[in-house]
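Heads up: the structure comes next, in structure tokens.
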Amino acid sequence: MNIERAGGFTHVIQFGNISMLTGLFCLAGIAWACTRPNKLGWIVWLALGALGGIAGSLFSGSRGGWIGLPLIALVFFRVYHQYFSLRLKTLLPIALVVLAAIIYSLPQFGVQQRVQEAIQNVTLYSQGTSTTSLGARFEMWKGASQLFIEKPFFGWGKEQYKPAMTALAEQGKAHPVVKLFDHPHNELLNNAAKQGVVGILALLFLYFVPLRLFAPGLRAESLTQRSLATAGFLLPVAYIDFGLSQAFFTHNSGVMVYAFWLVVLWGSYRFYSTQK
């Protein structure tokens, strides 16, 4: 089936992953909704938002946003499992597996097609074809790793990255497909190749400082605090997932979404933390 991938008004991968992130925030907000006087209305709206966000990711075909879903599900379980009955803890995993099977089986979502394409890409790469979506990524990852080894401390810089990758291709150390891209479609390798160890440390700082700051709130007695902490914790977790197959911070949308939500969620969390 030749179905165009949903892309909104930005790059299709950015759109799909940001859509997924929005859906996860809505899921995290359901705990807050349970504390409101008109909780049913809030729960319905947030549930619809969650479904819409996740559906946007599925329709975009952005597979990188799906890889981390088991880890994200584990975060939700660890945060809220005490509110689940034994029966719900048993039925929920079964329901999720059934839902995943239904989504995979329905061609309208395009998930089955994208998964089969990924399998085919890996098979073709093992046979020497590097011009597929995953094949090109494998070559870019290999090339970026070589660039990091050559300049491990400060990297090649943004301007010299592409000429350096082109040189690798001309030397036969990477497939010529790497010359088409400005980054290796992996956040960690992008920083490693362009800024070296300094860039790696800066990226880890962006990820792990928010994780550390929000982690105590995952055990808060207040569901409002716990909800905000969960959303704040999921922000870097989701970005780590997205960064496995895309240099998310090289796009304006990636930077703005992370910075905006980090400020809003941390400010809201700190505000409610002082309202004891």
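In the structure tokens, chains take the letters A, B, ... in the order shown, each chain's residues start at 1, and ligands count up from 1 in the order shown.
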Would you pick out the contacts of range 75-90 of chain A at 10 Å or less, using only C-alpha atoms, so that residues sharing its chain but fewer than 3 positions from it are not included, and give the list as a PyMOL selection string? chain A and resi 24+27-28+31+69-72+93-95+217-220+223+226-227+229-231+233-234+237
With a distance cut-off of 8 Å and only C-alpha atoms, select the neighbouring residues of Gly68 in chain A, excluding the residue or stretch itself and same-chain residues fewer than 4 positions from it, and output the selection as a CSV table (one decimal) with all heavy atoms, in the first residue's frame.
chain,number,residue,atom,x,y,z
A,64,GLY,N,11.3,4.9,15.3
A,64,GLY,CA,12.1,5.2,16.4
A,64,GLY,C,11.4,5.5,17.7
A,64,GLY,O,11.8,5.3,18.8
A,72,ILE,N,8.9,2.8,28.6
A,72,ILE,CA,7.9,3.8,29.0
A,72,ILE,C,6.8,3.2,29.8
A,72,ILE,O,6.3,3.7,30.8
A,72,ILE,CB,7.4,4.6,27.8
A,72,ILE,CG1,8.6,5.5,27.3
A,72,ILE,CG2,6.2,5.5,28.2
A,72,ILE,CD1,8.3,6.1,25.9
A,238,ALA,N,11.9,9.7,26.8
A,238,ALA,CA,11.4,9.7,25.4
A,238,ALA,C,12.5,10.2,24.4
A,238,ALA,O,12.7,9.6,23.3
A,238,ALA,CB,10.1,10.5,25.2
A,241,ASP,N,15.0,7.7,23.7
A,241,ASP,CA,14.5,6.7,22.7
A,241,ASP,C,14.5,7.3,21.3
A,241,ASP,O,15.0,6.7,20.4
A,241,ASP,CB,13.0,6.4,23.1
A,241,ASP,CG,12.3,5.6,22.1
A,241,ASP,OD1,13.0,4.8,21.3
A,241,ASP,OD2,11.1,5.7,22.0
Surrounding residues of range 153-161 of chain A excluding itself and chain neighbours under 5 positions, 12 Å, only C-alpha atoms, as a PDB file with all heavy atoms, in the first residue's frame:
ATOM      1  N   MET A 140      26.031   5.373   8.417  1.00  0.00           N
ATOM      2  CA  MET A 140      26.294   6.654   9.084  1.00  0.00           C
ATOM      3  C   MET A 140      26.823   6.435  10.499  1.00  0.00           C
ATOM      4  O   MET A 140      27.726   7.143  10.952  1.00  0.00           O
ATOM      5  CB  MET A 140      25.019   7.514   9.106  1.00  0.00           C
ATOM      6  CG  MET A 140      24.653   8.107   7.761  1.00  0.00           C
ATOM      7  SD  MET A 140      23.233   9.226   7.871  1.00  0.00           S
ATOM      8  CE  MET A 140      21.871   8.065   7.949  1.00  0.00           C
ATOM      9  N   GLY A 143      30.409   5.383  10.165  1.00  0.00           N
ATOM     10  CA  GLY A 143      31.250   6.517   9.809  1.00  0.00           C
ATOM     11  C   GLY A 143      31.440   7.489  10.967  1.00  0.00           C
ATOM     12  O   GLY A 143      32.558   7.959  11.222  1.00  0.00           O
ATOM     13  N   ALA A 144      30.355   7.795  11.696  1.00  0.00           N
ATOM     14  CA  ALA A 144      30.450   8.720  12.830  1.00  0.00           C
ATOM     15  C   ALA A 144      31.346   8.149  13.920  1.00  0.00           C
ATOM     16  O   ALA A 144      32.090   8.888  14.578  1.00  0.00           O
ATOM     17  CB  ALA A 144      29.057   8.999  13.385  1.00  0.00           C
ATOM     18  N   SER A 145      31.294   6.844  14.123  1.00  0.00           N
ATOM     19  CA  SER A 145      32.163   6.207  15.119  1.00  0.00           C
ATOM     20  C   SER A 145      33.629   6.366  14.727  1.00  0.00           C
ATOM     21  O   SER A 145      34.487   6.632  15.592  1.00  0.00           O
ATOM     22  CB  SER A 145      31.817   4.717  15.244  1.00  0.00           C
ATOM     23  OG  SER A 145      30.478   4.534  15.669  1.00  0.00           O
ATOM     24  N   GLN A 146      33.927   6.227  13.437  1.00  0.00           N
ATOM     25  CA  GLN A 146      35.302   6.402  12.972  1.00  0.00           C
ATOM     26  C   GLN A 146      35.766   7.847  13.161  1.00  0.00           C
ATOM     27  O   GLN A 146      36.909   8.095  13.559  1.00  0.00           O
ATOM     28  CB  GLN A 146      35.412   6.010  11.499  1.00  0.00           C
ATOM     29  CG  GLN A 146      35.178   4.530  11.242  1.00  0.00           C
ATOM     30  CD  GLN A 146      35.294   4.178   9.768  1.00  0.00           C
ATOM     31  OE1 GLN A 146      36.367   4.256   9.169  1.00  0.00           O
ATOM     32  NE2 GLN A 146      34.180   3.787   9.172  1.00  0.00           N
ATOM     33  N   LEU A 147      34.880   8.797  12.897  1.00  0.00           N
ATOM     34  CA  LEU A 147      35.238  10.210  13.081  1.00  0.00           C
ATOM     35  C   LEU A 147      35.513  10.505  14.555  1.00  0.00           C
ATOM     36  O   LEU A 147      36.440  11.270  14.879  1.00  0.00           O
ATOM     37  CB  LEU A 147      34.112  11.112  12.563  1.00  0.00           C
ATOM     38  CG  LEU A 147      33.846  11.083  11.063  1.00  0.00           C
ATOM     39  CD1 LEU A 147      32.767  12.100  10.702  1.00  0.00           C
ATOM     40  CD2 LEU A 147      35.112  11.353  10.267  1.00  0.00           C
ATOM     41  N   PHE A 148      34.732   9.921  15.436  1.00  0.00           N
ATOM     42  CA  PHE A 148      34.950  10.132  16.864  1.00  0.00           C
ATOM     43  C   PHE A 148      36.311   9.586  17.297  1.00  0.00           C
ATOM     44  O   PHE A 148      37.030  10.220  18.080  1.00  0.00           O
ATOM     45  CB  PHE A 148      33.833   9.469  17.664  1.00  0.00           C
ATOM     46  CG  PHE A 148      34.073   9.444  19.147  1.00  0.00           C
ATOM     47  CD1 PHE A 148      34.127  10.631  19.875  1.00  0.00           C
ATOM     48  CD2 PHE A 148      34.261   8.241  19.817  1.00  0.00           C
ATOM     49  CE1 PHE A 148      34.352  10.620  21.247  1.00  0.00           C
ATOM     50  CE2 PHE A 148      34.491   8.221  21.185  1.00  0.00           C
ATOM     51  CZ  PHE A 148      34.535   9.411  21.901  1.00  0.00           C
ATOM     52  N   THR A 166      32.394  12.655   3.903  1.00  0.00           N
ATOM     53  CA  THR A 166      32.619  12.500   2.465  1.00  0.00           C
ATOM     54  C   THR A 166      33.996  11.896   2.213  1.00  0.00           C
ATOM     55  O   THR A 166      34.158  11.018   1.347  1.00  0.00           O
ATOM     56  CB  THR A 166      32.513  13.861   1.760  1.00  0.00           C
ATOM     57  OG1 THR A 166      31.190  14.383   1.954  1.00  0.00           O
ATOM     58  CG2 THR A 166      32.780  13.729   0.272  1.00  0.00           C
ATOM     59  N   ALA A 167      34.980  12.326   2.983  1.00  0.00           N
ATOM     60  CA  ALA A 167      36.337  11.792   2.842  1.00  0.00           C
ATOM     61  C   ALA A 167      36.364  10.307   3.181  1.00  0.00           C
ATOM     62  O   ALA A 167      37.053   9.520   2.504  1.00  0.00           O
ATOM     63  CB  ALA A 167      37.292  12.565   3.745  1.00  0.00           C
ATOM     64  N   LEU A 168      35.631   9.913   4.214  1.00  0.00           N
ATOM     65  CA  LEU A 168      35.556   8.492   4.555  1.00  0.00           C
ATOM     66  C   LEU A 168      34.974   7.679   3.404  1.00  0.00           C
ATOM     67  O   LEU A 168      35.466   6.582   3.091  1.00  0.00           O
ATOM     68  CB  LEU A 168      34.700   8.286   5.807  1.00  0.00           C
ATOM     69  CG  LEU A 168      35.289   8.676   7.161  1.00  0.00           C
ATOM     70  CD1 LEU A 168      34.265   8.401   8.263  1.00  0.00           C
ATOM     71  CD2 LEU A 168      36.573   7.916   7.443  1.00  0.00           C
ATOM     72  N   VAL A 178      26.486   8.049   2.866  1.00  0.00           N
ATOM     73  CA  VAL A 178      26.703   8.915   4.035  1.00  0.00           C
ATOM     74  C   VAL A 178      26.907  10.368   3.620  1.00  0.00           C
ATOM     75  O   VAL A 178      26.732  11.277   4.448  1.00  0.00           O
ATOM     76  CB  VAL A 178      27.905   8.444   4.871  1.00  0.00           C
ATOM     77  CG1 VAL A 178      27.697   6.998   5.339  1.00  0.00           C
ATOM     78  CG2 VAL A 178      29.216   8.573   4.105  1.00  0.00           C
ATOM     79  N   LYS A 179      27.252  10.608   2.372  1.00  0.00           N
ATOM     80  CA  LYS A 179      27.508  11.977   1.909  1.00  0.00           C
ATOM     81  C   LYS A 179      26.231  12.799   1.790  1.00  0.00           C
ATOM     82  O   LYS A 179      26.288  14.020   1.650  1.00  0.00           O
ATOM     83  CB  LYS A 179      28.230  11.944   0.560  1.00  0.00           C
ATOM     84  CG  LYS A 179      29.603  11.285   0.602  1.00  0.00           C
ATOM     85  CD  LYS A 179      30.372  11.464  -0.702  1.00  0.00           C
ATOM     86  CE  LYS A 179      29.775  10.675  -1.823  1.00  0.00           C
ATOM     87  NZ  LYS A 179      30.578  10.750  -3.072  1.00  0.00           N
ATOM     88  N   LEU A 180      25.076  12.132   1.864  1.00  0.00           N
ATOM     89  CA  LEU A 180      23.802  12.825   1.661  1.00  0.00           C
ATOM     90  C   LEU A 180      23.264  13.489   2.930  1.00  0.00           C
ATOM     91  O   LEU A 180      22.326  14.272   2.860  1.00  0.00           O
ATOM     92  CB  LEU A 180      22.753  11.835   1.139  1.00  0.00           C
ATOM     93  CG  LEU A 180      23.079  11.117  -0.177  1.00  0.00           C
ATOM     94  CD1 LEU A 180      21.987  10.098  -0.500  1.00  0.00           C
ATOM     95  CD2 LEU A 180      23.221  12.128  -1.313  1.00  0.00           C
ATOM     96  N   PHE A 181      23.858  13.187   4.089  1.00  0.00           N
ATOM     97  CA  PHE A 181      23.257  13.600   5.348  1.00  0.00           C
ATOM     98  C   PHE A 181      24.191  14.492   6.169  1.00  0.00           C
ATOM     99  O   PHE A 181      25.409  14.341   6.130  1.00  0.00           O
ATOM    100  CB  PHE A 181      22.867  12.374   6.171  1.00  0.00           C
ATOM    101  CG  PHE A 181      21.920  11.443   5.450  1.00  0.00           C
ATOM    102  CD1 PHE A 181      22.403  10.352   4.737  1.00  0.00           C
ATOM    103  CD2 PHE A 181      20.556  11.670   5.462  1.00  0.00           C
ATOM    104  CE1 PHE A 181      21.540   9.498   4.057  1.00  0.00           C
ATOM    105  CE2 PHE A 181      19.678  10.830   4.788  1.00  0.00           C
ATOM    106  CZ  PHE A 181      20.174   9.744   4.083  1.00  0.00           C
ATOM    107  N   ASP A 182      23.572  15.406   6.933  1.00  0.00           N
ATOM    108  CA  ASP A 182      24.325  16.329   7.784  1.00  0.00           C
ATOM    109  C   ASP A 182      24.558  15.799   9.193  1.00  0.00           C
ATOM    110  O   ASP A 182      25.279  16.420   9.978  1.00  0.00           O
ATOM    111  CB  ASP A 182      23.600  17.682   7.878  1.00  0.00           C
ATOM    112  CG  ASP A 182      23.510  18.381   6.529  1.00  0.00           C
ATOM    113  OD1 ASP A 182      24.499  18.306   5.771  1.00  0.00           O
ATOM    114  OD2 ASP A 182      22.464  18.981   6.236  1.00  0.00           O
ATOM    115  N   HIS A 183      23.920  14.715   9.534  1.00  0.00           N
ATOM    116  CA  HIS A 183      24.114  14.108  10.852  1.00  0.00           C
ATOM    117  C   HIS A 183      23.882  12.603  10.720  1.00  0.00           C
ATOM    118  O   HIS A 183      23.260  12.144   9.757  1.00  0.00           O
ATOM    119  CB  HIS A 183      23.172  14.722  11.891  1.00  0.00           C
ATOM    120  CG  HIS A 183      21.717  14.567  11.580  1.00  0.00           C
ATOM    121  ND1 HIS A 183      21.039  13.387  11.778  1.00  0.00           N
ATOM    122  CD2 HIS A 183      20.807  15.447  11.083  1.00  0.00           C
ATOM    123  CE1 HIS A 183      19.770  13.545  11.435  1.00  0.00           C
ATOM    124  NE2 HIS A 183      19.604  14.785  11.005  1.00  0.00           N
ATOM    125  N   PRO A 184      24.373  11.808  11.678  1.00  0.00           N
ATOM    126  CA  PRO A 184      24.317  10.349  11.548  1.00  0.00           C
ATOM    127  C   PRO A 184      23.015   9.691  12.023  1.00  0.00           C
ATOM    128  O   PRO A 184      22.964   8.476  12.171  1.00  0.00           O
ATOM    129  CB  PRO A 184      25.492   9.888  12.427  1.00  0.00           C
ATOM    130  CG  PRO A 184      25.582  10.928  13.482  1.00  0.00           C
ATOM    131  CD  PRO A 184      25.217  12.229  12.821  1.00  0.00           C
ATOM    132  N   LEU A 189      25.933   9.641  18.751  1.00  0.00           N
ATOM    133  CA  LEU A 189      26.997   9.617  17.756  1.00  0.00           C
ATOM    134  C   LEU A 189      27.152  10.975  17.074  1.00  0.00           C
ATOM    135  O   LEU A 189      28.265  11.348  16.683  1.00  0.00           O
ATOM    136  CB  LEU A 189      26.713   8.534  16.715  1.00  0.00           C
ATOM    137  CG  LEU A 189      26.908   7.099  17.194  1.00  0.00           C
ATOM    138  CD1 LEU A 189      26.478   6.111  16.115  1.00  0.00           C
ATOM    139  CD2 LEU A 189      28.361   6.857  17.587  1.00  0.00           C
ATOM    140  N   ASN A 190      26.054  11.709  16.941  1.00  0.00           N
ATOM    141  CA  ASN A 190      26.136  13.048  16.364  1.00  0.00           C
ATOM    142  C   ASN A 190      27.001  13.953  17.238  1.00  0.00           C
ATOM    143  O   ASN A 190      27.882  14.666  16.747  1.00  0.00           O
ATOM    144  CB  ASN A 190      24.735  13.640  16.220  1.00  0.00           C
ATOM    145  CG  ASN A 190      24.741  15.003  15.558  1.00  0.00           C
ATOM    146  OD1 ASN A 190      25.138  15.165  14.413  1.00  0.00           O
ATOM    147  ND2 ASN A 190      24.302  16.016  16.291  1.00  0.00           N
ATOM    148  N   ASN A 191      26.753  13.927  18.546  1.00  0.00           N
ATOM    149  CA  ASN A 191      27.562  14.723  19.469  1.00  0.00           C
ATOM    150  C   ASN A 191      28.993  14.213  19.532  1.00  0.00           C
ATOM    151  O   ASN A 191      29.938  15.001  19.617  1.00  0.00           O
ATOM    152  CB  ASN A 191      26.938  14.709  20.865  1.00  0.00           C
ATOM    153  CG  ASN A 191      25.782  15.678  20.992  1.00  0.00           C
ATOM    154  OD1 ASN A 191      24.933  15.744  20.110  1.00  0.00           O
ATOM    155  ND2 ASN A 191      25.725  16.416  22.071  1.00  0.00           N
ATOM    156  N   ALA A 192      29.163  12.898  19.494  1.00  0.00           N
ATOM    157  CA  ALA A 192      30.504  12.324  19.571  1.00  0.00           C
ATOM    158  C   ALA A 192      31.351  12.741  18.376  1.00  0.00           C
ATOM    159  O   ALA A 192      32.515  13.119  18.527  1.00  0.00           O
ATOM    160  CB  ALA A 192      30.415  10.798  19.642  1.00  0.00           C
ATOM    161  N   ALA A 193      30.754  12.687  17.173  1.00  0.00           N
ATOM    162  CA  ALA A 193      31.510  13.025  15.970  1.00  0.00           C
ATOM    163  C   ALA A 193      31.775  14.524  15.853  1.00  0.00           C
ATOM    164  O   ALA A 193      32.841  14.938  15.404  1.00  0.00           O
ATOM    165  CB  ALA A 193      30.763  12.533  14.733  1.00  0.00           C
ATOM    166  N   LYS A 194      30.823  15.347  16.283  1.00  0.00           N
ATOM    167  CA  LYS A 194      30.945  16.793  16.093  1.00  0.00           C
ATOM    168  C   LYS A 194      31.577  17.520  17.275  1.00  0.00           C
ATOM    169  O   LYS A 194      32.260  18.523  17.083  1.00  0.00           O
ATOM    170  CB  LYS A 194      29.564  17.393  15.799  1.00  0.00           C
ATOM    171  CG  LYS A 194      28.970  16.928  14.482  1.00  0.00           C
ATOM    172  CD  LYS A 194      27.588  17.520  14.247  1.00  0.00           C
ATOM    173  CE  LYS A 194      26.995  17.039  12.933  1.00  0.00           C
ATOM    174  NZ  LYS A 194      25.626  17.570  12.713  1.00  0.00           N
ATOM    175  N   GLN A 195      31.347  17.046  18.492  1.00  0.00           N
ATOM    176  CA  GLN A 195      31.902  17.721  19.673  1.00  0.00           C
ATOM    177  C   GLN A 195      32.734  16.811  20.569  1.00  0.00           C
ATOM    178  O   GLN A 195      33.188  17.232  21.635  1.00  0.00           O
ATOM    179  CB  GLN A 195      30.785  18.350  20.512  1.00  0.00           C
ATOM    180  CG  GLN A 195      30.110  19.546  19.868  1.00  0.00           C
ATOM    181  CD  GLN A 195      28.886  19.167  19.062  1.00  0.00           C
ATOM    182  OE1 GLN A 195      28.191  18.209  19.391  1.00  0.00           O
ATOM    183  NE2 GLN A 195      28.627  19.891  17.991  1.00  0.00           N
ATOM    184  N   GLY A 196      32.904  15.553  20.174  1.00  0.00           N
ATOM    185  CA  GLY A 196      33.738  14.644  20.940  1.00  0.00           C
ATOM    186  C   GLY A 196      33.191  14.356  22.330  1.00  0.00           C
ATOM    187  O   GLY A 196      31.984  14.401  22.577  1.00  0.00           O
ATOM    188  N   VAL A 197      34.103  14.065  23.252  1.00  0.00           N
ATOM    189  CA  VAL A 197      33.717  13.748  24.626  1.00  0.00           C
ATOM    190  C   VAL A 197      32.974  14.909  25.267  1.00  0.00           C
ATOM    191  O   VAL A 197      32.035  14.707  26.048  1.00  0.00           O
ATOM    192  CB  VAL A 197      34.974  13.397  25.454  1.00  0.00           C
ATOM    193  CG1 VAL A 197      34.617  13.238  26.933  1.00  0.00           C
ATOM    194  CG2 VAL A 197      35.619  12.120  24.932  1.00  0.00           C
ATOM    195  N   VAL A 198      33.359  16.127  24.931  1.00  0.00           N
ATOM    196  CA  VAL A 198      32.676  17.308  25.472  1.00  0.00           C
ATOM    197  C   VAL A 198      31.200  17.289  25.083  1.00  0.00           C
ATOM    198  O   VAL A 198      30.315  17.552  25.908  1.00  0.00           O
ATOM    199  CB  VAL A 198      33.340  18.606  24.970  1.00  0.00           C
ATOM    200  CG1 VAL A 198      32.547  19.832  25.414  1.00  0.00           C
ATOM    201  CG2 VAL A 198      34.770  18.695  25.466  1.00  0.00           C
ATOM    202  N   GLY A 199      30.920  16.965  23.837  1.00  0.00           N
ATOM    203  CA  GLY A 199      29.537  16.896  23.371  1.00  0.00           C
ATOM    204  C   GLY A 199      28.763  15.765  24.005  1.00  0.00           C
ATOM    205  O   GLY A 199      27.571  15.909  24.320  1.00  0.00           O
ATOM    206  N   ILE A 200      29.428  14.637  24.209  1.00  0.00           N
ATOM    207  CA  ILE A 200      28.777  13.501  24.860  1.00  0.00           C
ATOM    208  C   ILE A 200      28.369  13.865  26.284  1.00  0.00           C
ATOM    209  O   ILE A 200      27.248  13.594  26.721  1.00  0.00           O
ATOM    210  CB  ILE A 200      29.710  12.277  24.864  1.00  0.00           C
ATOM    211  CG1 ILE A 200      29.918  11.761  23.438  1.00  0.00           C
ATOM    212  CG2 ILE A 200      29.136  11.169  25.744  1.00  0.00           C
ATOM    213  CD1 ILE A 200      30.934  10.637  23.339  1.00  0.00           C
ATOM    214  N   LEU A 201      29.269  14.495  27.019  1.00  0.00           N
ATOM    215  CA  LEU A 201      28.978  14.887  28.393  1.00  0.00           C
ATOM    216  C   LEU A 201      27.846  15.913  28.453  1.00  0.00           C
ATOM    217  O   LEU A 201      26.988  15.850  29.348  1.00  0.00           O
ATOM    218  CB  LEU A 201      30.235  15.453  29.062  1.00  0.00           C
ATOM    219  CG  LEU A 201      31.367  14.447  29.305  1.00  0.00           C
ATOM    220  CD1 LEU A 201      32.593  15.148  29.869  1.00  0.00           C
ATOM    221  CD2 LEU A 201      30.911  13.328  30.235  1.00  0.00           C
ATOM    222  N   ALA A 202      27.841  16.844  27.501  1.00  0.00           N
ATOM    223  CA  ALA A 202      26.773  17.850  27.470  1.00  0.00           C
ATOM    224  C   ALA A 202      25.419  17.191  27.226  1.00  0.00           C
ATOM    225  O   ALA A 202      24.411  17.548  27.854  1.00  0.00           O
ATOM    226  CB  ALA A 202      27.057  18.881  26.386  1.00  0.00           C
ATOM    227  N   THR A 250      19.151  18.355  16.536  1.00  0.00           N
ATOM    228  CA  THR A 250      19.623  19.118  15.375  1.00  0.00           C
ATOM    229  C   THR A 250      18.481  19.855  14.693  1.00  0.00           C
ATOM    230  O   THR A 250      18.713  20.660  13.791  1.00  0.00           O
ATOM    231  CB  THR A 250      20.316  18.197  14.335  1.00  0.00           C
ATOM    232  OG1 THR A 250      19.364  17.248  13.836  1.00  0.00           O
ATOM    233  CG2 THR A 250      21.497  17.474  14.958  1.00  0.00           C
TER     234      THR A 250
END
What are the DSSP helix (DSSP H, G or I) residues of range 18-64 of chain A, as a VMD selection string? chain A and resid 18 to 33 39 to 60 64
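Using only C-alpha atoms, the nearest neighbour of Phe214 in chain A within the list A:Arg36, A:Arg270, A:Arg5, A:Lys162 is A:Arg270.
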